[in-house]
Every structure is written in structure tokens, then in C-alpha cells.
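Everything below belongs to model21.cif, which stores mmCIF, C-alpha atoms and all ligand atoms.
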```cif
data_run
loop_
_atom_site.label_atom_id
_atom_site.label_comp_id
_atom_site.auth_asym_id
_atom_site.auth_seq_id
_atom_site.Cartn_x
_atom_site.Cartn_y
_atom_site.Cartn_z
CA MET A 146 -2.74 -41.94 30.26
CA THR A 147 -1.22 -44.44 27.92
CA LYS A 148 -1.82 -46.14 24.61
CA SER A 149 -1.66 -49.90 24.45
CA LEU A 150 -0.54 -52.35 21.78
CA PRO A 151 -2.47 -55.45 20.69
CA PHE A 152 0.74 -57.50 20.61
CA THR A 153 3.65 -58.28 22.94
CA LYS A 154 7.38 -57.81 22.42
CA LYS A 155 7.74 -61.59 22.22
CA GLN A 156 5.18 -61.85 19.43
CA ILE A 157 6.89 -59.09 17.42
CA GLU A 158 10.31 -60.69 17.91
CA GLN A 159 8.83 -63.85 16.46
CA VAL A 160 7.45 -61.95 13.45
CA ILE A 161 10.80 -60.25 12.83
CA LYS A 162 12.48 -63.63 12.34
CA THR A 163 10.55 -63.87 9.07
CA TYR A 164 9.88 -60.23 8.20
CA PRO A 165 12.63 -57.76 9.07
CA THR A 166 11.77 -54.22 10.19
CA PRO A 167 10.52 -51.78 9.16
CA PHE A 168 6.98 -52.90 8.41
CA HIS A 169 3.43 -51.79 9.01
CA ILE A 170 1.34 -54.37 10.83
CA TYR A 171 -2.48 -54.13 10.90
CA ASP A 172 -4.76 -55.69 13.48
CA GLU A 173 -7.73 -57.38 11.83
CA LYS A 174 -9.62 -57.86 15.08
CA GLY A 175 -9.50 -54.14 15.85
CA ILE A 176 -10.58 -53.19 12.33
CA ARG A 177 -13.56 -55.57 12.49
CA GLU A 178 -14.62 -54.25 15.89
CA THR A 179 -14.46 -50.63 14.78
CA ALA A 180 -16.45 -51.44 11.65
CA GLN A 181 -19.04 -53.31 13.69
CA ASN A 182 -19.45 -50.44 16.17
CA LEU A 183 -20.01 -47.94 13.39
CA TYR A 184 -22.61 -50.11 11.66
CA LYS A 185 -24.38 -50.79 14.95
CA ALA A 186 -24.50 -47.09 15.78
CA PHE A 187 -26.05 -46.26 12.40
CA SER A 188 -28.37 -49.25 12.19
CA TRP A 189 -31.34 -46.83 12.28
CA VAL A 190 -30.33 -45.64 8.80
CA TYR A 191 -31.98 -47.34 5.87
CA ASN A 192 -29.24 -49.18 3.94
CA PHE A 193 -26.37 -47.53 5.82
CA LYS A 194 -22.96 -47.76 4.21
CA ASN A 195 -19.47 -46.52 4.91
CA PHE A 196 -17.60 -46.21 1.63
CA PHE A 197 -14.07 -46.78 2.93
CA ALA A 198 -11.70 -44.21 1.42
CA VAL A 199 -9.30 -46.48 -0.44
CA LYS A 200 -6.50 -43.92 -0.33
CA ALA A 201 -6.26 -44.39 3.43
CA LEU A 202 -5.16 -48.03 3.16
CA PRO A 203 -5.14 -49.37 -0.39
CA ASN A 204 -4.51 -53.01 0.34
CA PRO A 205 -6.83 -55.65 -1.16
CA HIS A 206 -6.58 -57.91 1.90
CA ILE A 207 -7.84 -55.11 4.12
CA LEU A 208 -10.53 -54.09 1.61
CA LYS A 209 -11.73 -57.69 1.59
CA VAL A 210 -12.18 -57.62 5.36
CA LEU A 211 -14.10 -54.34 5.08
CA LYS A 212 -16.29 -55.77 2.33
CA GLU A 213 -17.17 -58.65 4.63
CA LYS A 214 -18.27 -56.04 7.17
CA GLY A 215 -20.65 -54.51 4.64
CA MET A 216 -18.57 -51.57 3.54
CA GLY A 217 -18.27 -50.07 0.11
CA VAL A 218 -15.28 -48.18 -1.23
CA ASP A 219 -14.63 -44.56 -2.04
CA CYS A 220 -12.27 -44.30 -5.00
CA SER A 221 -10.74 -41.29 -6.66
CA SER A 222 -8.39 -42.64 -9.32
CA MET A 223 -8.05 -45.33 -11.96
CA ALA A 224 -5.78 -47.45 -9.76
CA GLU A 225 -8.22 -47.27 -6.85
CA LEU A 226 -11.10 -48.28 -9.13
CA LEU A 227 -9.11 -51.24 -10.47
CA LEU A 228 -8.19 -52.29 -6.94
CA ALA A 229 -11.86 -52.13 -5.90
CA GLN A 230 -12.79 -54.21 -8.94
CA LYS A 231 -10.16 -56.83 -8.09
CA VAL A 232 -11.56 -57.18 -4.57
CA GLY A 233 -15.02 -57.69 -6.07
CA PHE A 234 -16.71 -54.38 -5.34
CA LYS A 235 -19.22 -53.48 -7.99
CA ASN A 236 -22.01 -51.10 -8.92
CA GLU A 237 -23.21 -48.91 -6.10
CA GLU A 238 -20.75 -50.40 -3.62
CA ILE A 239 -18.31 -47.98 -5.24
CA MET A 240 -18.44 -44.23 -4.72
CA PHE A 241 -16.27 -42.34 -7.17
CA THR A 242 -15.37 -39.07 -5.43
CA SER A 243 -12.64 -37.51 -7.50
CA ASN A 244 -11.47 -34.11 -8.64
CA GLU A 245 -9.69 -32.87 -11.75
CA THR A 246 -10.78 -36.21 -13.17
CA PRO A 247 -9.51 -37.53 -16.52
CA ALA A 248 -12.21 -38.84 -18.89
CA LYS A 249 -10.76 -42.36 -18.79
CA ASP A 250 -11.30 -42.53 -15.02
CA TYR A 251 -14.95 -41.49 -15.41
CA LYS A 252 -15.32 -44.13 -18.12
CA LYS A 253 -14.00 -46.83 -15.82
CA ALA A 254 -16.25 -45.68 -12.97
CA LYS A 255 -19.25 -45.74 -15.30
CA GLU A 256 -18.30 -49.20 -16.60
CA LEU A 257 -18.17 -50.50 -13.00
CA GLY A 258 -21.58 -48.97 -12.32
CA ALA A 259 -20.11 -46.80 -9.56
CA ILE A 260 -21.93 -43.86 -8.03
CA ILE A 261 -20.34 -40.84 -9.65
CA ASN A 262 -19.82 -37.83 -7.45
CA LEU A 263 -19.15 -34.69 -9.46
CA ASP A 264 -16.73 -32.09 -8.15
CA ASP A 265 -17.81 -29.26 -10.45
CA ILE A 266 -20.83 -28.03 -12.40
CA SER A 267 -18.81 -28.09 -15.64
CA HIS A 268 -18.39 -31.84 -15.26
CA ILE A 269 -21.99 -32.44 -16.35
CA GLU A 270 -20.99 -31.34 -19.81
CA TYR A 271 -17.61 -33.02 -19.54
CA LEU A 272 -19.29 -36.35 -18.76
CA GLU A 273 -21.83 -35.96 -21.57
CA LYS A 274 -19.09 -35.16 -24.04
CA ASN A 275 -16.56 -37.79 -22.97
CA VAL A 276 -18.57 -40.62 -21.44
CA GLU A 277 -22.33 -40.39 -20.92
CA LEU A 278 -24.40 -39.27 -17.96
CA PRO A 279 -25.00 -42.00 -15.39
CA LYS A 280 -28.54 -42.62 -14.09
CA LEU A 281 -27.61 -41.55 -10.56
CA ILE A 282 -25.67 -38.34 -9.99
CA CYS A 283 -24.21 -36.87 -6.85
CA PHE A 284 -22.58 -33.46 -6.43
CA ARG A 285 -19.97 -32.40 -3.91
CA TYR A 286 -21.03 -29.27 -2.06
CA ASN A 287 -18.54 -26.68 -0.80
CA PRO A 288 -20.25 -24.38 1.70
CA GLY A 289 -17.53 -21.71 1.33
CA PRO A 290 -18.06 -18.80 3.72
CA ARG A 291 -21.21 -20.46 5.09
CA ARG A 292 -19.08 -22.83 7.11
CA THR A 293 -15.68 -22.53 8.76
CA GLY A 294 -13.54 -25.61 8.41
CA ASN A 295 -10.90 -27.08 10.69
CA ARG A 296 -7.16 -26.70 10.42
CA PHE A 297 -6.59 -29.58 8.02
CA ILE A 298 -8.79 -28.92 5.03
CA GLY A 299 -8.98 -25.34 6.25
CA ASP A 300 -11.40 -22.62 5.30
CA PRO A 301 -13.91 -24.14 2.82
CA LYS A 302 -13.78 -21.05 0.62
CA GLU A 303 -10.07 -21.65 0.14
CA ALA A 304 -10.66 -25.32 -0.72
CA LYS A 305 -10.54 -26.46 -4.36
CA PHE A 306 -13.34 -28.97 -3.91
CA GLY A 307 -17.00 -28.96 -4.77
CA LEU A 308 -19.70 -26.60 -6.03
CA THR A 309 -20.76 -23.32 -4.45
CA TYR A 310 -24.12 -22.80 -2.80
CA GLU A 311 -25.45 -20.99 -5.87
CA GLN A 312 -24.10 -23.58 -8.31
CA ILE A 313 -25.50 -26.56 -6.46
CA PHE A 314 -29.14 -25.56 -7.17
CA LYS A 315 -28.34 -24.92 -10.78
CA ALA A 316 -26.55 -28.24 -11.13
CA TYR A 317 -29.58 -30.27 -10.01
CA GLU A 318 -31.86 -28.18 -12.24
CA ILE A 319 -29.65 -28.95 -15.22
CA ILE A 320 -29.52 -32.69 -14.66
CA LYS A 321 -33.22 -32.83 -13.86
CA LYS A 322 -33.89 -31.25 -17.27
CA LYS A 323 -31.65 -33.86 -18.82
CA GLY A 324 -33.89 -36.59 -17.45
CA ILE A 325 -31.81 -37.75 -14.48
CA LYS A 326 -34.06 -39.22 -11.80
CA ARG A 327 -31.71 -40.37 -9.05
CA PHE A 328 -29.83 -37.87 -6.89
CA GLY A 329 -27.27 -37.77 -4.10
CA LEU A 330 -25.61 -34.91 -2.23
CA HIS A 331 -22.08 -35.02 -0.82
CA THR A 332 -19.76 -32.85 1.17
CA MET A 333 -16.41 -33.21 2.92
CA VAL A 334 -15.29 -30.23 4.93
CA VAL A 335 -13.09 -31.56 7.72
CA SER A 336 -10.15 -33.88 8.19
CA ASN A 337 -9.07 -35.77 11.30
CA GLU A 338 -11.75 -33.88 13.23
CA LEU A 339 -12.36 -35.12 16.77
CA ASP A 340 -15.08 -32.57 17.48
CA GLN A 341 -18.31 -34.57 17.48
CA LEU A 342 -20.43 -31.47 16.99
CA ALA A 343 -18.64 -30.73 13.71
CA HIS A 344 -19.85 -34.06 12.29
CA ILE A 345 -23.39 -33.52 13.53
CA GLU A 346 -23.34 -30.03 11.96
CA THR A 347 -22.19 -31.47 8.64
CA ALA A 348 -25.19 -33.80 8.54
CA GLU A 349 -27.46 -30.93 9.57
CA MET A 350 -26.07 -28.72 6.81
CA LEU A 351 -26.78 -31.42 4.23
CA PHE A 352 -30.29 -32.15 5.60
CA ASP A 353 -31.10 -28.43 5.34
CA LEU A 354 -29.75 -28.31 1.83
CA VAL A 355 -31.72 -31.41 0.82
CA VAL A 356 -34.90 -29.73 2.08
CA GLU A 357 -34.09 -26.53 0.20
CA ILE A 358 -33.06 -28.13 -3.08
CA SER A 359 -35.92 -30.64 -3.03
CA LYS A 360 -38.43 -27.79 -2.73
CA LYS A 361 -36.79 -25.38 -5.14
CA VAL A 362 -35.85 -27.83 -7.86
CA GLY A 363 -38.60 -30.36 -7.31
CA ILE A 364 -36.49 -33.50 -6.98
CA ARG A 365 -36.23 -36.27 -4.42
CA PHE A 366 -32.86 -37.26 -2.97
CA GLU A 367 -31.81 -40.88 -2.38
CA PHE A 368 -28.88 -40.17 -0.11
CA ILE A 369 -26.58 -37.73 1.55
CA ASN A 370 -22.91 -38.57 1.86
CA VAL A 371 -21.38 -36.77 4.85
CA GLY A 372 -17.84 -37.56 3.65
CA GLY A 373 -14.99 -38.79 5.82
CA GLY A 374 -12.64 -36.90 8.06
CA TRP A 375 -13.72 -38.29 11.42
CA GLY A 376 -10.69 -38.07 13.69
CA ILE A 377 -8.94 -40.64 15.84
CA PRO A 378 -7.11 -40.17 19.15
CA TYR A 379 -3.47 -39.97 18.06
CA LYS A 380 -2.46 -38.45 21.40
CA PRO A 381 -2.94 -40.31 24.67
CA THR A 382 -4.95 -37.29 25.87
CA ASP A 383 -7.29 -37.24 22.83
CA LYS A 384 -10.80 -38.54 23.28
CA ALA A 385 -12.15 -40.91 20.63
CA ILE A 386 -15.39 -39.98 18.88
CA ASP A 387 -18.44 -41.60 20.43
CA VAL A 388 -20.09 -42.83 17.24
CA ASN A 389 -23.32 -43.58 19.12
CA PHE A 390 -23.57 -40.00 20.35
CA VAL A 391 -22.98 -38.61 16.84
CA SER A 392 -25.41 -41.08 15.30
CA GLN A 393 -28.20 -40.40 17.78
CA ASN A 394 -27.88 -36.66 17.24
CA ILE A 395 -27.95 -37.10 13.48
CA LYS A 396 -31.03 -39.25 13.92
CA LYS A 397 -32.77 -36.45 15.84
CA LEU A 398 -32.01 -34.01 13.05
CA TYR A 399 -33.13 -36.56 10.48
CA ASN A 400 -36.51 -36.78 12.17
CA GLN A 401 -36.80 -33.00 12.52
CA LYS A 402 -35.79 -32.12 9.02
CA ILE A 403 -36.19 -35.08 6.69
CA VAL A 404 -39.11 -37.02 8.16
CA LYS A 405 -41.10 -33.84 8.96
CA ASN A 406 -40.70 -32.60 5.39
CA ASN A 407 -41.81 -35.93 3.94
CA LEU A 408 -38.39 -36.55 2.42
CA ALA A 409 -37.80 -39.94 4.07
CA PRO A 410 -36.39 -42.42 3.37
CA LEU A 411 -33.08 -40.70 2.75
CA ARG A 412 -29.95 -42.78 3.09
CA VAL A 413 -27.12 -41.38 5.18
CA VAL A 414 -23.77 -42.69 3.99
CA MET A 415 -20.18 -41.75 4.70
CA GLU A 416 -16.61 -42.14 3.43
CA ASN A 417 -14.50 -42.61 6.52
CA GLY A 418 -11.05 -44.07 6.06
CA ARG A 419 -8.98 -43.05 9.07
CA LEU A 420 -11.72 -43.82 11.60
CA ILE A 421 -11.85 -47.45 10.51
CA THR A 422 -8.24 -48.52 10.07
CA GLY A 423 -6.13 -45.65 11.47
CA PRO A 424 -5.88 -46.89 15.07
CA HIS A 425 -5.23 -50.48 13.99
CA GLY A 426 -1.92 -50.04 12.17
CA TYR A 427 1.58 -49.89 13.67
CA LEU A 428 4.92 -49.09 12.07
CA VAL A 429 7.47 -51.41 13.68
CA THR A 430 11.03 -50.15 13.46
CA THR A 431 14.48 -50.91 14.87
CA VAL A 432 16.73 -48.31 16.44
CA ILE A 433 19.92 -48.40 14.37
CA HIS A 434 21.76 -45.38 15.80
CA THR A 435 21.73 -43.04 18.74
CA LYS A 436 23.36 -39.65 18.43
CA ASP A 437 24.23 -37.03 21.02
CA ILE A 438 24.97 -33.53 19.66
CA TYR A 439 23.08 -30.33 20.52
CA LYS A 440 20.09 -32.62 20.99
CA LYS A 441 19.72 -36.36 21.45
CA TYR A 442 18.64 -38.30 18.38
CA ILE A 443 17.26 -41.78 17.89
CA GLY A 444 17.86 -43.04 14.34
CA LEU A 445 15.41 -45.59 12.99
CA ASP A 446 15.54 -48.00 10.06
CA ALA A 447 12.27 -46.37 8.90
CA CYS A 448 11.96 -42.86 7.53
CA MET A 449 9.40 -40.36 6.33
CA ALA A 450 8.92 -42.50 3.20
CA ASN A 451 7.12 -45.01 5.46
CA LEU A 452 5.02 -42.43 7.29
CA MET A 453 4.81 -38.85 6.12
CA ARG A 454 2.32 -37.38 8.54
CA PRO A 455 4.75 -36.15 11.22
CA GLY A 456 7.13 -34.60 8.68
CA MET A 457 4.40 -33.20 6.47
CA TYR A 458 1.84 -31.92 8.99
CA GLY A 459 3.75 -31.98 12.25
CA ALA A 460 1.27 -34.69 13.24
CA TYR A 461 1.69 -36.51 16.54
CA HIS A 462 2.16 -40.27 16.45
CA HIS A 463 2.61 -42.04 19.76
CA GLU A 464 5.70 -44.20 20.20
CA THR A 465 6.32 -47.24 22.37
CA ILE A 466 9.65 -48.98 22.99
CA LEU A 467 8.88 -52.69 23.18
CA GLY A 468 9.81 -54.11 26.57
CA LYS A 469 10.00 -50.61 28.08
CA GLU A 470 6.26 -49.94 28.17
CA LYS A 471 6.36 -49.39 31.92
CA SER A 472 9.76 -47.66 32.20
CA SER A 473 9.75 -44.02 33.22
CA LYS A 474 10.30 -41.47 30.49
CA THR A 475 13.56 -39.98 31.64
CA GLN A 476 14.98 -38.90 28.28
CA MET A 477 14.07 -36.31 25.67
CA TYR A 478 14.71 -37.32 22.06
CA ASP A 479 14.12 -36.41 18.47
CA VAL A 480 13.21 -39.68 16.74
CA VAL A 481 14.37 -39.50 13.14
CA GLY A 482 14.66 -41.33 9.84
CA GLY A 483 17.49 -41.36 7.35
CA LEU A 484 16.32 -38.94 4.65
CA CYS A 485 18.58 -36.03 3.78
CA GLU A 486 15.80 -33.72 4.93
CA ASN A 487 15.67 -32.25 8.39
CA ASN A 488 11.90 -32.66 8.61
CA ASP A 489 12.36 -36.45 8.52
CA LYS A 490 11.42 -36.67 12.18
CA PHE A 491 8.79 -38.94 13.70
CA ALA A 492 8.91 -37.05 16.98
CA ILE A 493 10.53 -33.88 18.27
CA ASP A 494 11.40 -33.36 21.93
CA ARG A 495 9.59 -36.55 22.86
CA LYS A 496 9.94 -37.88 26.41
CA LEU A 497 10.78 -41.57 26.23
CA PRO A 498 12.56 -44.17 28.32
CA GLY A 499 16.32 -44.49 27.71
CA ILE A 500 16.82 -46.09 24.29
CA LYS A 501 19.61 -48.34 23.03
CA VAL A 502 20.61 -49.45 19.55
CA GLY A 503 18.64 -52.58 18.70
CA ASP A 504 15.51 -51.55 20.61
CA LEU A 505 12.23 -52.08 18.79
CA LEU A 506 10.27 -48.84 18.49
CA VAL A 507 6.61 -49.00 17.50
CA ILE A 508 4.89 -45.98 15.99
CA HIS A 509 1.14 -46.07 16.67
CA ASP A 510 -1.89 -45.28 14.51
CA THR A 511 -0.34 -45.83 11.09
CA GLY A 512 -3.33 -47.75 9.69
CA ALA A 513 -4.55 -44.87 7.53
CA HIS A 514 -2.64 -42.41 5.36
CA GLY A 515 0.55 -44.17 6.47
CA TYR A 516 1.98 -46.64 3.98
CA SER A 517 -0.20 -45.17 1.23
CA MET A 518 1.43 -41.74 1.36
CA GLY A 519 4.87 -43.30 1.01
CA PHE A 520 7.35 -42.36 -1.65
CA ASN A 521 10.83 -43.21 -2.90
CA TYR A 522 12.77 -40.03 -2.26
CA ASN A 523 16.45 -40.66 -1.58
CA GLY A 524 15.96 -44.14 -3.04
CA LYS A 525 14.19 -45.29 0.11
CA LEU A 526 12.08 -48.37 -0.48
CA ARG A 527 8.55 -48.92 0.74
CA SER A 528 8.21 -51.43 3.53
CA ALA A 529 6.18 -54.61 3.80
CA GLU A 530 2.62 -54.65 5.14
CA LEU A 531 1.56 -57.43 7.49
CA LEU A 532 -1.89 -58.37 8.71
CA ARG A 533 -2.40 -59.91 12.11
CA ARG A 534 -5.41 -62.15 11.61
CA THR A 535 -8.08 -62.79 14.19
CA ASP A 536 -6.39 -66.08 15.18
CA ASP A 537 -3.14 -64.13 15.91
CA SER A 538 -1.35 -65.55 12.87
CA VAL A 539 0.56 -62.99 10.81
CA GLN A 540 0.17 -62.78 7.04
CA LEU A 541 2.35 -60.87 4.61
CA VAL A 542 -0.20 -58.77 2.68
CA ARG A 543 2.34 -56.77 0.69
CA ARG A 544 6.03 -57.57 0.35
CA ALA A 545 8.68 -54.92 0.85
CA GLU A 546 9.96 -53.18 -2.28
CA THR A 547 13.31 -54.23 -3.66
CA ILE A 548 15.96 -52.31 -5.57
CA ASP A 549 14.64 -54.01 -8.71
CA ASP A 550 11.23 -52.41 -8.11
CA TYR A 551 12.93 -49.06 -7.77
CA PHE A 552 14.80 -49.52 -11.04
CA ALA A 553 11.86 -51.09 -12.90
CA THR A 554 10.98 -47.92 -14.82
CA PHE A 555 14.47 -47.58 -16.28
CA ASP A 556 15.45 -49.49 -19.37
CA PHE A 557 19.16 -50.17 -18.84
CA SER A 558 19.38 -52.01 -22.17
CA LYS A 559 19.00 -48.62 -23.92
CA PHE A 560 21.49 -46.96 -21.59
C1 LIG B 1 -9.53 -38.42 2.00
C2 LIG B 1 -10.97 -38.47 1.78
C3 LIG B 1 -11.79 -39.26 2.58
C4 LIG B 1 -11.27 -40.03 3.77
O1 LIG B 1 -10.67 -39.24 4.73
P1 LIG B 1 -10.38 -39.87 6.17
O2 LIG B 1 -9.67 -38.77 6.89
O3 LIG B 1 -9.50 -41.04 5.96
O4 LIG B 1 -11.69 -40.24 6.76
C5 LIG B 1 -13.12 -39.33 2.28
N1 LIG B 1 -13.64 -38.65 1.24
C6 LIG B 1 -12.89 -37.87 0.46
C7 LIG B 1 -13.53 -37.16 -0.66
C8 LIG B 1 -11.53 -37.74 0.70
O5 LIG B 1 -10.79 -36.96 -0.09
#
```
Write the structure described by the file as C-alpha cells, please.
Ligand SMILES: *Cc1c(COP(=O)(O)O)cnc(C)c1O
Amino acid sequence: MTKSLPFTKKQIEQVIKTYPTPFHIYDEKGIRETAQNLYKAFSWVYNFKNFFAVKALPNPHILKVLKEKGMGVDCSSMAELLLAQKVGFKNEEIMFTSNETPAKDYKKAKELGAIINLDDISHIEYLEKNVELPKLICFRYNPGPRRTGNRFIGDPKEAKFGLTYEQIFKAYEIIKKKGIKRFGLHTMVVSNELDQLAHIETAEMLFDLVVEISKKVGIRFEFINVGGGWGIPYKPTDKAIDVNFVSQNIKKLYNQKIVKNNLAPLRVVMENGRLITGPHGYLVTTVIHTKDIYKKYIGLDACMANLMRPGMYGAYHHETILGKEKSSKTQMYDVVGGLCENNDKFAIDRKLPGIKVGDLLVIHDTGAHGYSMGFNYNGKLRSAELLRRTDDSVQLVRRAETIDDYFATFDFSKF
């Protein structure tokens, strides 16, 4: 099994004449297709929306494409709210799912008319005191021991997010008493989860809870937000989620639980980031050194500052050497960056074709939680971001950082 690229070596060589490596390049056509498939699969839902998690790929040019496809945004900080505003998202196109939130961020979210998703019961009072209660309120539910999570977010009862089962009833009672009339319910319990049943179960858990809370508290919900965390096939052997399969199963449960209990219409919305853009980003790098000691190393001009996932989680990212797509994988390498940290490795013991200095190495699936997790440790600068448009032209959508950017927070005149 293999993973393909949407561009040829020749096309990348052309791009490099203008934009030197390393850079992330995103494929607009792929992003649009993925968005379209998701919306088609969930077309049975009244007013379906994916609120794209801005943190996955916070670039206004990408957000603009997603807006054209009908998406909203999921923000969790002031900067993400401001970015959403700049792209033109407003009111209930913005979901504000944050935690440990400063009052000024809530104020901004309220000013934009965003849907505010509260992470704790104490935030009702915090909002009243510091801002004002919005007309529509959503709470984030943490099922704790009622649900076992996957290896990324882990055991829900060890997770810092959301309200407990007991608290969630109380929370809606409190806001009902305060005159709130519009309600949403949110959860997010998995990350990069490829198990389709897990996503169906999440919807089922929220449907059940909607039924229970509606009866007990005497309110009517507008929507459930099943969160993000849908996985993508990073490994050639991984199987992509069949969004139609998941959607049809959620629809069955919707009919059984929501329609039967006279709680329809209830919107089903989500906050997927990775699913939408993850597979459509590529980190293009140049091999600048090869090293042969106790192991064989390939040294790239990119490092963990451009893509943290392998170093931070041991995550697999597929690699392709341009022009050697069909060569047999006769060598075993560690593919590394230049940080003074031994976990700055994009791959460990990876079988690849023989590599020479100057080869172009492409790291796959960097379209989500790639550039955005970057940092400046060791004085490494963040790369450029390019967007390959649907007509195959390539647009610079964020320039590479310069040394001046890195020094911008120092005032050398006072030195
Ligand atoms: C990170 C995050 C998401 C998006 O996660 P993906 O893995 O990119 O789908 C959605 N909602 C919340 C609350 C998050 O923290």
C-alpha cells in the first residue's frame, strides 16, 4: 500500500525556485472535496455545520475556503476569534469552545455573537460577573468513568475538560432559572480516532443525555455538538473513516432517540479540524546532510519546530522522496531535524529508498496541527505556508519568518 501526492517532482522543483524549502503546501482541491463529502453525508441534518477547529490550521486563506464550503469556526482564544472576525465569520458561525478562559476572551466572543460553550459550571457566575450571559448557552460534558477514551485525550475522568454528569443537569437548571431559552450540548472525548463506532457512540451518548436532561429539567435543546477528533489515515495501512457510514448510523440513532421522544428538530454539529485539512498538507524539505554512525541519519532543513507531532507524540507521518516514489526501500534511516534535542526526529527506523544530499523529502498529512504547533526553540524560524489553488497555481499564504520577526519582541535601543 502506498500514499500518493497531488503534485509531481517537477511541479515542486518549479515552486522551490520562488519559495525555498522548508514549507508547508496545502491542496485546495483536496480540502474542498473532503468538505463536500462531509456535508453531503450529513445533508439529512437540519442546518448541519462543521465548526472547523481554527487551531488545526489558523490561516485566513484556508478559513476563507472553508467558509465558502459552509463551515463555521471553532475558536478557543482571543487570537482565533480575531482571525475568524477578519475572515468574516460572525454570530453563530463561531463556536467558542475554550477552557480556563480569561474574561476578555468571553467579552470578545459575546461581542461577535458567537455561540459560547462553557467548560465549567462555575463559568455561569463568571460570565454574569465579568460579561453577561448570552441568550444561547452550551455546556461541555465530560462523561468521566461512564466512557473510556482513546489514547490521545485518554481516560475522560483524567481529562481537565467539561462538566461531570451530575453537574450538567444542575447547570441547565441554573441557566433555565436565569431565563435562558436556547440550549446546546457539547462533548469532545477522542482525538485522531479512526474507530467509526467511537464517533457513533459519542452521538448516541449525547442523544441519550439530551433525552434525559430535556425530561428532567424541562428544556428543549437546539443542537448537540459532537466535537472533533475524527482521525485520518496517517499510515498507509490505516483505513479512512467512511463519513457516510458514520452519518447513517447517527441518523438511525437520531430517529430512535430524538424523533421518537418528540425532541426533533435537533441540530447535529461538529468541530472537526484534522479530518478536513490534515490529509491535504505536506511539509516539503530538502536533505542537507546524511550521517552514518551507530545508525544512519537523514538531516533535513526542517525540524520539530515545523511539525511537532512525531517528536511530541511519536506520531507516524509518511515520507516520500520525490523522484524515488517507485524505488525499493532498501535503507533504514532516522529522519531528523536540527534541534539540540534527540526527539527531533520525523521518523525512526524508517525503510526508505537510498537518499542523497539534495533530495526533496515530503512529509505527508501536515495540514492540521502541523504549522500551528510550531515554535521557535533553538532560534528556529517558522516556515512559509503555500496554497495550491484549484487551477494548480501556487500562492504564498504566509511568508516564512525572518530573524527580524524573531527579534521583534526585544528592544535593542534599551539594551
Ligand atoms: C482540538 C479540538 C478540536 C479539533 O480537533 P481535531 O483533532 O483537529 O478534529 C475540536 N474541538 C475542540 C474542543 C478541540 O480542543
One decimal place gives the atom CA of Ile325 of chain A-atom CA of Glu277 of chain A separation as 11.8 Å
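Compared by their closest atoms to Leu278 of chain A, and using all atoms listed in the file, the residues A:Ile403, A:Ala304, A:Leu428, A:Ile319 rank with A:Ile319 nearest.
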Name the residues in contact with segment 269-275 of chain A at a cut-off of 8 Å, using all atoms listed in the file, excluding same-chain residues fewer than 2 positions from it; report them as number ranges by chain. A: 248, 251, 263, 265-267, 277-278, 320
Env. residues ligand LIG 1 (chain B) / 10 Å / only C-alpha atoms and all ligand atoms / as a ChimeraX atom specification: /A:195-202,218-221,240-244,262,264,285,297-298,306-307,331-338,370-377,415-423,512-514
Pick from A:Gly175, A:Pro378, A:Pro290, A:Gly217, whichever lies nearest to Asn236 of chain A using only C-alpha atoms: A:Gly217
